[in-house]
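The block underneath contains the structure these notes are about, expressed in structure tokens.
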Amino acid sequence: MLSTVKKLTLTGFIFGLCFPLLAIYIDLLHNTLAFSWLTIQQLYKNNLLHYLIASAPFVLSGMGYFSAKNQEQLEASIINRIKQATINNTASKSPFLFVVEKEITQLLSKKTKQLEFQKKALDEHSIVSIADVTGKIIYVNEKFEEISQYSRAELIGQNHRILKSDHHPDAFFNTMWKTLTNGQVWHGEIQNKAKDGSLYWVASTIVPYLNERGKLEQYIAIRTDITEVKNNAERLNFALSSTGDAVWDWNIKTGQFIMSDMYAEMLGYQANELPATIDTWVHSVHPDDIGRAQKNLQSYLSGKVATYQLEVRLLCKDNSWKWIHCRGQIIDEDKLGQPLTMTGFHTDISARKAMEAELLQEKEAAEKANQAKSEFLSSMSHELRTPLNAILGFAQLMEDNPDEPLSEEQQENIEFILSSGEHLLNLINDILELAAIEAKKVDLQIKSIVLSNALTDAISLLKPIAAKTNIVINDIAEDINFTVLADSIKLKQVLLNLISNAIKYNKPNGTISLNCETINSTHVRINVCDTGIGIPVNQQQKLFTAFNRLGQENSNIEGTGIGLLVTKELVEMMHGTLGFESIEAQGSCFWFELPLNSTKNISN
Ligand code: ADP
């Protein structure tokens with residue numbers, strides 16, 4: 001469909017050609033009575049030139065249709081020529097001119113409406129103002145009034161300085177004016193001050209308007225409120241700077257590497273002192289770390305690994321090295337999925353690294369000391385036990401010698417020697433056991449063991465001791481039919497330890513019951529429960545600490561405070577766990593779980 005302008009120009013063209021003929025025809029009709037060759041000649045002389053001149057603009061405008069390079073040029077040239085024609089033809093305006101004038105008016109009103117609509121849309125979105133060449137405000141829209149809190153009347157005639165905040169240095173505005181007076185468009189973010197003194201940020205585009213002679217006439221400024229964005233960015237920056245992290249942004253294609261001020265500060269440089277190129281980073285990486293760093297980065301960029309993070313040493317300005325935790329993420333990719341930009345953080349982890357190194361040193365030293373202690377103890381084992389066994393042996397001989405019976409006092413003394421010697425032997429044995437466990441020098445023979453046999457053996461060994469204080473150990477249920485995977489000696493040691501504690505810390509006439517239950521298809525739990533003194537809640541977390549007897553050291557119950565710790569270690573070495581429940585003055589239940597020998601067990 002032909003546009004109005006096109007129609008108009010075509011009409012102009014056709015009418016332009018026809019008009020002289022039509023005009024001659026009308027004039028001829030007018031002079032019918034005097035029609036003669038003379039009349040035509042006369043008309044030609046008087047009017048033809050006039051007709052041609054009148055129609056020329058239309059002919060030209062029609063030609064403009066073909067020659068105009070674009071619609072705007074065409075419209076402008078038509079309007080110009082029509083104007084010209086109107087001036088030339090005011091005296092004898094033809095009906096055609098009225099038609100054209102009407103079309104033009106319609107076109108203009110349509111264009112005006114479009115412009116008004118565009119202005120409305122602009123006013124809805126933007127803060128708009130116009131200033132004259134001296135910077136005096138000559139127009140502001142509603143949004144301008146709203147954000148600045150000044151009324152239009154207060155603003156018109158004022159300089160934009162009325163809104164100036166102290167945020168920007170003079171150089172900022174000098175550059176802006178230089179750009180504008182050179183006739184160039186200026187873009188930038190400005191902080192302004194509203195009437196009540198509050199500050200707001202606008203992203204501005206200022207366009208200098210040059211008149212037809214190319215002279216600067218006005219400045220049109222279009223702004224968007226970015227206060228919230230700026231505040232958010234400020235908060236983000238604050239949060240980032242308070243974490244002490246540095247931020248970087250790498251354009252992978254161009255090699256540009258933009259760093260936050262903190263990046264430079266972290267390495268002892270001034271802000272902007274480091275060249276904004278990826279080489280800055282590459283050349284700062286420690287030679288021993290660069291290979292690993294590049295491999296890591298390549299793996300991430302090629303998609304082999306999902307995250308990019310590594311710990312490297314970076315060179316500081318004072319030639320020292322800092323440990324940096326470097327992490328980043330691809331932000332932008334091209335159509336082929338190739339990474340374009342990457343953004344990330346640097347965290348100074350030097351303090352953590354130093355602490356780790358210190359801890360490692362301490363750990364190694366402690367391990368060495370422990371090893372030395374264990375070696376000393378195990379080598380002393382023989383030296384300690386041999387004389388002690390001799391003392392105990394001879395004391396027993398003296399006690400049981402029917403040829404030389406002891407006096408009552410001697411008997412008492414010998415018993416004291418024997419009990420103290422046994423206590424010492426137990427202590428030595430426990431310490432040596434613990435030392436052997438810590439030195440990982442315990443050899444276990446894990447094999448299939450029928451649990452009921454191990455329980456019966458342990459019970460029968462300890463029943464006589466329990467009977468001394470009228471403590472009853474209940475027999476185990478007959479249907480216990482589990483086979484566990486354990487070391488038979490260590491299992492026995494565990495059972496003896498727990499049952500003897502149940503005897504030691506029981507009440508006279510108390511009872512001890514042992515039972516077993518499956519926890520799941522793989523483990524069985526053995527419970528050793530007593531009706532004894534129990535363990536106070538505030539003491540329970542101290543259990544399993546070497547030499548801690550939880551207040552029993554002042555009682556007449558013998559012990560070393562190592563037995564439970566050794567027991568726990570042994571259970572764990574057999575791939576089990578040990579735990580307890582205890583109520584003060586009511587009793588305790590110590591339990592341990594061991595792996596079942598799945599091939600031998602019949603599910604209960
Ligand atoms: P000890 O040689 O003192 O018995 P253990 O390591 O076997 O050393 O036990 C540590 C401490 O735990 C004991 O001194 C005692 O206070 C407490 N304890 C152990 N078993 C029981 C129990 N069955 N009832 C109450 N207290 C117990």
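Letters for chains follow the order of the structure tokens (A, B, ...), residue numbers begin at 1 for each chain, and ligand numbers begin at 1 in the order shown.
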
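Around stretch 162-164 of chain A, within 8 Å and counting only C-alpha atoms, the residues found are Ser148, Gln158, Gln191, Asn192, Lys193, Ala194 and Lys195 of chain A, once anything fewer than 4 positions away on its own chain is removed.
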
Which residues are near stretch 505-520 of chain A? Cut-off 9 Å, only C-alpha atoms, ignore same chain within fewer than 3 positions. Put them as a count of residues only. 35

For stretch 216-227 of chain A, list every protein, DNA or RNA residue within 10 Å, evaluated using only C-alpha atoms, and leave out those in the same chain fewer than 6 positions away; present the list as a tab-separated table (two decimals) with all heavy atoms, in the first residue's frame.
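New file part_26.tsv:
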```tsv
chain	number	residue	atom	x	y	z
A	122	LEU	N	8.45	8.87	26.78
A	122	LEU	CA	9.74	9.29	27.32
A	122	LEU	C	9.55	9.89	28.72
A	122	LEU	O	10.29	9.58	29.66
A	122	LEU	CB	10.37	10.33	26.38
A	122	LEU	CG	11.80	10.74	26.71
A	122	LEU	CD1	12.75	9.60	26.44
A	122	LEU	CD2	12.20	11.96	25.88
A	123	ASP	N	8.51	10.73	28.85
A	123	ASP	CA	8.24	11.36	30.15
A	123	ASP	C	7.87	10.34	31.21
A	123	ASP	O	8.16	10.52	32.38
A	123	ASP	CB	7.11	12.40	30.02
A	123	ASP	CG	7.65	13.70	29.42
A	123	ASP	OD1	8.87	13.91	29.49
A	123	ASP	OD2	6.84	14.47	28.87
A	125	HIS	N	9.02	7.36	31.40
A	125	HIS	CA	10.19	6.58	31.81
A	125	HIS	C	11.32	7.43	32.37
A	125	HIS	O	11.98	7.04	33.32
A	125	HIS	CB	10.72	5.78	30.60
A	125	HIS	CG	11.98	5.04	30.91
A	125	HIS	ND1	11.97	3.81	31.50
A	125	HIS	CD2	13.28	5.40	30.75
A	125	HIS	CE1	13.22	3.42	31.67
A	125	HIS	NE2	14.03	4.36	31.23
A	126	SER	N	11.52	8.60	31.78
A	126	SER	CA	12.76	9.33	32.06
A	126	SER	C	12.54	10.67	32.72
A	126	SER	O	11.45	11.24	32.69
A	126	SER	CB	13.52	9.56	30.76
A	126	SER	OG	13.76	8.36	30.14
A	127	ILE	N	13.65	11.15	33.27
A	127	ILE	CA	13.68	12.48	33.86
A	127	ILE	C	14.26	13.37	32.76
A	127	ILE	O	15.40	13.15	32.34
A	127	ILE	CB	14.60	12.47	35.10
A	127	ILE	CG1	14.10	11.42	36.09
A	127	ILE	CG2	14.73	13.84	35.70
A	127	ILE	CD1	15.19	10.83	36.93
A	128	VAL	N	13.45	14.31	32.27
A	128	VAL	CA	13.90	15.08	31.10
A	128	VAL	C	14.00	16.56	31.46
A	128	VAL	O	13.18	17.11	32.18
A	128	VAL	CB	12.90	14.91	29.92
A	128	VAL	CG1	13.41	15.62	28.68
A	128	VAL	CG2	12.67	13.44	29.62
A	129	SER	N	15.04	17.17	30.95
A	129	SER	CA	15.16	18.63	31.10
A	129	SER	C	15.86	19.18	29.86
A	129	SER	O	16.58	18.47	29.17
A	129	SER	CB	15.94	18.99	32.36
A	129	SER	OG	17.29	18.67	32.19
A	130	ILE	N	15.58	20.48	29.62
A	130	ILE	CA	16.27	21.15	28.51
A	130	ILE	C	16.89	22.42	29.10
A	130	ILE	O	16.26	23.12	29.89
A	130	ILE	CB	15.30	21.49	27.36
A	130	ILE	CG1	14.59	20.21	26.86
A	130	ILE	CG2	16.03	22.18	26.21
A	130	ILE	CD1	13.55	20.44	25.79
A	131	ALA	N	18.12	22.66	28.70
A	131	ALA	CA	18.79	23.88	29.17
A	131	ALA	C	19.24	24.67	27.96
A	131	ALA	O	19.49	24.11	26.89
A	131	ALA	CB	19.99	23.51	30.02
A	132	ASP	N	19.29	26.00	28.13
A	132	ASP	CA	19.77	26.80	27.01
A	132	ASP	C	21.30	26.77	26.98
A	132	ASP	O	21.93	26.10	27.80
A	132	ASP	CB	19.21	28.23	27.06
A	132	ASP	CG	19.78	29.02	28.21
A	132	ASP	OD1	20.75	28.55	28.84
A	132	ASP	OD2	19.25	30.12	28.49
A	133	VAL	N	21.84	27.49	26.05
A	133	VAL	CA	23.27	27.40	25.82
A	133	VAL	C	24.09	27.86	27.04
A	133	VAL	O	25.22	27.43	27.24
A	133	VAL	CB	23.63	28.16	24.51
A	133	VAL	CG1	23.57	29.67	24.72
A	133	VAL	CG2	24.96	27.72	23.97
A	134	THR	N	23.47	28.65	27.91
A	134	THR	CA	24.21	29.11	29.10
A	134	THR	C	24.04	28.14	30.27
A	134	THR	O	24.58	28.35	31.35
A	134	THR	CB	23.71	30.50	29.55
A	134	THR	OG1	22.34	30.36	29.96
A	134	THR	CG2	23.86	31.54	28.48
A	135	GLY	N	23.28	27.07	30.04
A	135	GLY	CA	23.08	26.08	31.10
A	135	GLY	C	21.84	26.38	31.93
A	135	GLY	O	21.57	25.69	32.91
A	136	LYS	N	21.07	27.39	31.53
A	136	LYS	CA	19.87	27.76	32.28
A	136	LYS	C	18.74	26.79	31.93
A	136	LYS	O	18.51	26.53	30.73
A	136	LYS	CB	19.46	29.19	31.90
A	136	LYS	CG	18.99	30.00	33.10
A	136	LYS	CD	18.45	31.32	32.69
A	136	LYS	CE	19.53	32.37	32.45
A	136	LYS	NZ	19.00	33.55	31.78
A	137	ILE	N	18.03	26.28	32.93
A	137	ILE	CA	16.97	25.30	32.67
A	137	ILE	C	15.78	25.99	32.02
A	137	ILE	O	15.29	27.01	32.53
A	137	ILE	CB	16.52	24.60	33.97
A	137	ILE	CG1	17.72	23.91	34.63
A	137	ILE	CG2	15.38	23.63	33.75
A	137	ILE	CD1	17.46	23.37	36.02
A	138	ILE	N	15.33	25.45	30.86
A	138	ILE	CA	14.16	26.06	30.21
A	138	ILE	C	12.97	25.09	30.15
A	138	ILE	O	11.88	25.48	29.83
A	138	ILE	CB	14.51	26.61	28.80
A	138	ILE	CG1	15.15	25.50	27.94
A	138	ILE	CG2	15.39	27.82	28.87
A	138	ILE	CD1	15.36	25.93	26.51
A	139	TYR	N	13.24	23.83	30.46
A	139	TYR	CA	12.13	22.87	30.49
A	139	TYR	C	12.46	21.73	31.45
A	139	TYR	O	13.60	21.28	31.51
A	139	TYR	CB	11.88	22.29	29.08
A	139	TYR	CG	10.92	21.12	29.10
A	139	TYR	CD1	9.54	21.31	29.16
A	139	TYR	CD2	11.42	19.81	29.11
A	139	TYR	CE1	8.68	20.23	29.22
A	139	TYR	CE2	10.55	18.72	29.17
A	139	TYR	CZ	9.18	18.93	29.23
A	139	TYR	OH	8.33	17.87	29.30
A	140	VAL	N	11.47	21.30	32.23
A	140	VAL	CA	11.62	20.09	33.04
A	140	VAL	C	10.32	19.30	32.96
A	140	VAL	O	9.26	19.91	32.85
A	140	VAL	CB	11.92	20.37	34.54
A	140	VAL	CG1	13.33	20.89	34.75
A	140	VAL	CG2	10.90	21.30	35.15
A	143	LYS	N	8.73	14.08	36.07
A	143	LYS	CA	9.65	13.18	36.78
A	143	LYS	C	10.82	13.96	37.36
A	143	LYS	O	11.36	13.61	38.40
A	143	LYS	CB	10.16	12.08	35.82
A	143	LYS	CG	9.16	10.98	35.66
A	143	LYS	CD	9.88	9.66	35.49
A	143	LYS	CE	8.94	8.49	35.56
A	143	LYS	NZ	8.64	8.03	36.88
A	144	PHE	N	11.23	14.99	36.62
A	144	PHE	CA	12.32	15.84	37.11
A	144	PHE	C	11.89	16.52	38.40
A	144	PHE	O	12.62	16.56	39.39
A	144	PHE	CB	12.69	16.87	36.03
A	144	PHE	CG	14.01	17.53	36.27
A	144	PHE	CD1	15.10	17.27	35.46
A	144	PHE	CD2	14.18	18.43	37.32
A	144	PHE	CE1	16.34	17.86	35.69
A	144	PHE	CE2	15.40	19.04	37.55
A	144	PHE	CZ	16.48	18.76	36.74
A	147	ILE	N	11.72	13.85	41.36
A	147	ILE	CA	12.97	13.36	41.96
A	147	ILE	C	13.76	14.49	42.63
A	147	ILE	O	14.38	14.29	43.67
A	147	ILE	CB	13.84	12.60	40.92
A	147	ILE	CG1	14.90	11.77	41.65
A	147	ILE	CG2	14.48	13.52	39.90
A	147	ILE	CD1	15.53	10.70	40.83
A	180	LEU	N	30.28	18.38	25.59
A	180	LEU	CA	29.05	18.99	25.08
A	180	LEU	C	29.33	20.18	24.18
A	180	LEU	O	28.72	20.33	23.12
A	180	LEU	CB	28.16	19.41	26.25
A	180	LEU	CG	27.55	18.26	27.07
A	180	LEU	CD1	26.84	18.79	28.30
A	180	LEU	CD2	26.59	17.44	26.21
A	181	THR	N	30.29	21.03	24.61
A	181	THR	CA	30.56	22.21	23.79
A	181	THR	C	31.22	21.84	22.47
A	181	THR	O	31.21	22.61	21.52
A	181	THR	CB	31.41	23.25	24.56
A	181	THR	OG1	32.46	22.55	25.21
A	181	THR	CG2	30.59	24.01	25.57
A	182	ASN	N	31.78	20.64	22.43
A	182	ASN	CA	32.32	20.13	21.15
A	182	ASN	C	31.22	19.55	20.28
A	182	ASN	O	31.48	18.98	19.23
A	182	ASN	CB	33.36	19.04	21.40
A	182	ASN	CG	34.71	19.64	21.71
A	182	ASN	OD1	34.92	20.82	21.47
A	182	ASN	ND2	35.59	18.85	22.28
A	183	GLY	N	29.99	19.63	20.76
A	183	GLY	CA	28.85	19.14	19.99
A	183	GLY	C	28.66	17.63	20.10
A	183	GLY	O	27.91	17.03	19.34
A	185	VAL	N	27.71	13.98	22.26
A	185	VAL	CA	26.77	13.50	23.29
A	185	VAL	C	27.58	13.04	24.50
A	185	VAL	O	28.64	12.43	24.35
A	185	VAL	CB	25.93	12.33	22.74
A	185	VAL	CG1	25.01	11.76	23.80
A	185	VAL	CG2	25.14	12.78	21.53
A	186	TRP	N	27.07	13.33	25.70
A	186	TRP	CA	27.77	12.91	26.93
A	186	TRP	C	26.91	11.90	27.68
A	186	TRP	O	25.71	12.08	27.84
A	186	TRP	CB	28.05	14.13	27.82
A	186	TRP	CG	28.83	13.79	29.06
A	186	TRP	CD1	30.17	13.71	29.18
A	186	TRP	CD2	28.29	13.47	30.35
A	186	TRP	NE1	30.52	13.38	30.46
A	186	TRP	CE2	29.38	13.21	31.21
A	186	TRP	CE3	27.00	13.38	30.87
A	186	TRP	CZ2	29.23	12.87	32.55
A	186	TRP	CZ3	26.85	13.04	32.20
A	186	TRP	CH2	27.96	12.79	33.02
A	187	HIS	N	27.55	10.80	28.12
A	187	HIS	CA	26.86	9.80	28.94
A	187	HIS	C	27.58	9.70	30.27
A	187	HIS	O	28.82	9.74	30.30
A	187	HIS	CB	26.94	8.41	28.30
A	187	HIS	CG	26.32	8.32	26.95
A	187	HIS	ND1	24.98	8.19	26.75
A	187	HIS	CD2	26.89	8.35	25.72
A	187	HIS	CE1	24.75	8.13	25.44
A	187	HIS	NE2	25.90	8.23	24.80
A	188	GLY	N	26.85	9.54	31.33
A	188	GLY	CA	27.54	9.36	32.62
A	188	GLY	C	26.56	9.20	33.77
A	188	GLY	O	25.35	9.35	33.59
A	189	GLU	N	27.10	8.86	34.91
A	189	GLU	CA	26.26	8.70	36.11
A	189	GLU	C	26.56	9.85	37.04
A	189	GLU	O	27.72	10.11	37.37
A	189	GLU	CB	26.60	7.36	36.79
A	189	GLU	CG	26.14	6.18	35.94
A	189	GLU	CD	26.50	4.84	36.53
A	189	GLU	OE1	27.25	4.80	37.53
A	189	GLU	OE2	26.05	3.83	35.98
A	190	ILE	N	25.50	10.55	37.46
A	190	ILE	CA	25.71	11.74	38.30
A	190	ILE	C	24.95	11.58	39.62
A	190	ILE	O	23.81	11.11	39.64
A	190	ILE	CB	25.20	13.03	37.60
A	190	ILE	CG1	25.80	13.14	36.20
A	190	ILE	CG2	25.53	14.25	38.42
A	190	ILE	CD1	25.41	14.40	35.46
A	191	GLN	N	25.63	12.01	40.69
A	191	GLN	CA	24.91	12.05	41.96
A	191	GLN	C	24.40	13.47	42.14
A	191	GLN	O	25.16	14.42	42.05
A	191	GLN	CB	25.85	11.69	43.11
A	191	GLN	CG	25.09	11.48	44.40
A	191	GLN	CD	25.99	11.56	45.62
A	191	GLN	OE1	26.65	12.56	45.86
A	191	GLN	NE2	26.03	10.48	46.38
A	192	ASN	N	23.09	13.63	42.37
A	192	ASN	CA	22.48	14.94	42.57
A	192	ASN	C	21.92	15.07	43.98
A	192	ASN	O	21.71	14.07	44.67
A	192	ASN	CB	21.33	15.15	41.57
A	192	ASN	CG	21.87	15.54	40.20
A	192	ASN	OD1	22.99	16.01	40.07
A	192	ASN	ND2	21.06	15.32	39.18
A	199	LEU	N	20.29	12.58	48.66
A	199	LEU	CA	21.08	12.37	47.44
A	199	LEU	C	20.43	11.32	46.56
A	199	LEU	O	19.83	10.38	47.06
A	199	LEU	CB	22.49	11.93	47.83
A	199	LEU	CG	23.26	12.94	48.69
A	199	LEU	CD1	24.50	12.32	49.26
A	199	LEU	CD2	23.61	14.19	47.88
A	200	TYR	N	20.52	11.51	45.27
A	200	TYR	CA	20.02	10.50	44.34
A	200	TYR	C	20.96	10.40	43.14
A	200	TYR	O	21.71	11.33	42.85
A	200	TYR	CB	18.58	10.79	43.90
A	200	TYR	CG	18.39	12.08	43.14
A	200	TYR	CD1	18.45	12.12	41.74
A	200	TYR	CD2	18.12	13.26	43.81
A	200	TYR	CE1	18.26	13.29	41.04
A	200	TYR	CE2	17.94	14.45	43.11
A	200	TYR	CZ	18.01	14.46	41.74
A	200	TYR	OH	17.84	15.64	41.05
A	201	TRP	N	20.94	9.23	42.51
A	201	TRP	CA	21.83	8.98	41.37
A	201	TRP	C	21.02	8.89	40.08
A	201	TRP	O	19.94	8.29	40.08
A	201	TRP	CB	22.57	7.66	41.56
A	201	TRP	CG	23.79	7.77	42.42
A	201	TRP	CD1	23.85	7.58	43.76
A	201	TRP	CD2	25.12	8.07	41.99
A	201	TRP	NE1	25.13	7.75	44.21
A	201	TRP	CE2	25.94	8.04	43.14
A	201	TRP	CE3	25.71	8.37	40.76
A	201	TRP	CZ2	27.31	8.30	43.09
A	201	TRP	CZ3	27.08	8.61	40.71
A	201	TRP	CH2	27.86	8.59	41.87
A	202	VAL	N	21.54	9.49	39.01
A	202	VAL	CA	20.88	9.34	37.72
A	202	VAL	C	21.90	8.94	36.65
A	202	VAL	O	23.04	9.42	36.68
A	202	VAL	CB	20.17	10.65	37.26
A	202	VAL	CG1	18.86	10.85	37.97
A	202	VAL	CG2	21.07	11.87	37.43
A	203	ALA	N	21.45	8.06	35.76
A	203	ALA	CA	22.28	7.74	34.59
A	203	ALA	C	21.83	8.73	33.52
A	203	ALA	O	20.65	8.77	33.17
A	203	ALA	CB	22.02	6.31	34.14
A	204	SER	N	22.74	9.58	33.04
A	204	SER	CA	22.34	10.69	32.16
A	204	SER	C	22.91	10.57	30.76
A	204	SER	O	24.02	10.09	30.56
A	204	SER	CB	22.85	12.01	32.73
A	204	SER	OG	22.51	12.12	34.07
A	205	THR	N	22.08	11.05	29.82
A	205	THR	CA	22.55	11.23	28.45
A	205	THR	C	22.22	12.67	28.09
A	205	THR	O	21.06	13.07	28.17
A	205	THR	CB	21.84	10.27	27.48
A	205	THR	OG1	22.17	8.94	27.88
A	205	THR	CG2	22.28	10.48	26.04
A	206	ILE	N	23.24	13.46	27.79
A	206	ILE	CA	22.98	14.87	27.45
A	206	ILE	C	23.35	15.07	25.98
A	206	ILE	O	24.45	14.74	25.54
A	206	ILE	CB	23.78	15.83	28.35
A	206	ILE	CG1	23.54	15.47	29.83
A	206	ILE	CG2	23.38	17.28	28.08
A	206	ILE	CD1	24.27	16.36	30.82
A	207	VAL	N	22.35	15.58	25.24
A	207	VAL	CA	22.56	15.74	23.79
A	207	VAL	C	22.57	17.24	23.47
A	207	VAL	O	21.61	17.95	23.76
A	207	VAL	CB	21.41	15.05	23.00
A	207	VAL	CG1	21.67	15.11	21.51
A	207	VAL	CG2	21.23	13.63	23.46
A	208	PRO	N	23.65	17.73	22.89
A	208	PRO	CA	23.66	19.15	22.52
A	208	PRO	C	22.84	19.34	21.24
A	208	PRO	O	22.96	18.54	20.31
A	208	PRO	CB	25.14	19.44	22.28
A	208	PRO	CG	25.77	18.12	22.03
A	208	PRO	CD	24.90	17.04	22.57
A	209	TYR	N	21.99	20.37	21.20
A	209	TYR	CA	21.14	20.60	20.02
A	209	TYR	C	21.75	21.74	19.20
A	209	TYR	O	21.92	22.86	19.71
A	209	TYR	CB	19.72	20.93	20.46
A	209	TYR	CG	18.82	21.31	19.31
A	209	TYR	CD1	18.39	20.35	18.40
A	209	TYR	CD2	18.43	22.64	19.12
A	209	TYR	CE1	17.59	20.70	17.34
A	209	TYR	CE2	17.63	23.00	18.06
A	209	TYR	CZ	17.21	22.02	17.15
A	209	TYR	OH	16.43	22.37	16.09
A	210	LEU	N	22.10	21.45	17.96
A	210	LEU	CA	22.69	22.47	17.10
A	210	LEU	C	21.63	22.95	16.11
A	210	LEU	O	20.88	22.15	15.57
A	210	LEU	CB	23.87	21.87	16.32
A	210	LEU	CG	24.94	21.14	17.14
A	210	LEU	CD1	25.99	20.55	16.22
A	210	LEU	CD2	25.60	22.08	18.13
A	233	ALA	N	24.75	-1.58	44.82
A	233	ALA	CA	26.15	-1.81	44.46
A	233	ALA	C	27.07	-1.40	45.60
A	233	ALA	O	28.05	-2.07	45.91
A	233	ALA	CB	26.49	-1.03	43.20
```

Around ligand 1, which protein and nucleic acid residues have at least one atom no more than 8 Å from it, if we count only C-alpha atoms and all ligand atoms? List them as number ranges by chain. A: 497-499, 501-506, 529-530, 532-535, 543-553, 557-566, 582, 587-590

List every residue of stretch 240-361 of chain A that DSSP, applied to the backbone, labels as strand (DSSP E or B), and write the result as number ranges by chain. A: 246-251, 256-259, 277, 285, 308-315, 321-333, 339-348

Looking only at helix (DSSP H, G or I) from DSSP on the backbone, list the matching residues of stretch 201-321 of chain A as a PyMOL selection string. chain A and resi 227-243+261-266+278-284+287-301

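Interatomic distance, atom CA of A:Ser284 against atom CA of A:Ser350: 15.5 Å.
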
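Taking atom CA of A:Asp196 and atom CA of A:Ala153 as the two end points, the separation is 16.8 Å.
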
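Proximity ranking of A:Trp281, A:Thr243, A:Gly344, A:Ala435 relative to A:Ala372 places A:Ala435 first, based on only C-alpha atoms.
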
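Close contacts of stretch 408-425 of chain A, defined as residues with an atom at most 8 Å away when counting only C-alpha atoms, with chain neighbours fewer than 2 positions off set aside, comprise A:Arg385, A:Leu388, A:Ile391, A:Leu392, A:Ala395, A:Gln396, A:Met398, A:Glu399, A:Leu406, A:Leu427, A:Ile428, A:Asn429, A:Glu558, A:Gly559.
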
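With atom CA of A:Val282 on one side and atom CA of A:Asn296 on the other, the separation reads 13.2 Å.
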
Which residues are close to stretch 436-453 of chain A, i.e. within 8 Å by only C-alpha atoms, leaving aside same-chain residues fewer than 3 positions away? Reply as a count of residues only. 23

Skip A:Asp279 itself and residues of its chain fewer than 6 positions away, then list as a PyMOL selection string all residues within 12 Å of it, counting only C-alpha atoms. chain A and resi 250+252+254-258+285

Kindly save the residues from that selection, with N, CA, C and O atoms included, as a tab-separated table (two decimals), in the first residue's frame.
```tsv
chain	number	residue	atom	x	y	z
A	250	TRP	N	37.79	-11.04	33.95
A	250	TRP	CA	38.75	-11.34	32.87
A	250	TRP	C	38.02	-11.50	31.55
A	250	TRP	O	37.13	-12.36	31.44
A	252	ILE	N	38.36	-13.02	28.34
A	252	ILE	CA	39.24	-14.08	27.84
A	252	ILE	C	39.73	-13.80	26.42
A	252	ILE	O	40.85	-14.10	26.07
A	254	THR	N	40.10	-10.70	24.84
A	254	THR	CA	41.03	-9.56	24.70
A	254	THR	C	42.17	-9.62	25.71
A	254	THR	O	43.17	-8.92	25.55
A	255	GLY	N	42.00	-10.43	26.75
A	255	GLY	CA	43.05	-10.51	27.78
A	255	GLY	C	42.93	-9.42	28.83
A	255	GLY	O	43.74	-9.36	29.75
A	256	GLN	N	41.90	-8.56	28.68
A	256	GLN	CA	41.74	-7.50	29.68
A	256	GLN	C	41.37	-8.11	31.04
A	256	GLN	O	40.54	-9.02	31.11
A	257	PHE	N	42.01	-7.64	32.08
A	257	PHE	CA	41.83	-8.21	33.42
A	257	PHE	C	41.60	-7.06	34.39
A	257	PHE	O	42.53	-6.36	34.78
A	258	ILE	N	40.30	-6.85	34.72
A	258	ILE	CA	39.98	-5.71	35.58
A	258	ILE	C	39.97	-6.18	37.03
A	258	ILE	O	39.41	-7.23	37.36
A	285	VAL	N	52.11	-15.49	39.63
A	285	VAL	CA	51.97	-16.82	40.24
A	285	VAL	C	53.36	-17.43	40.49
A	285	VAL	O	54.26	-17.33	39.65
```
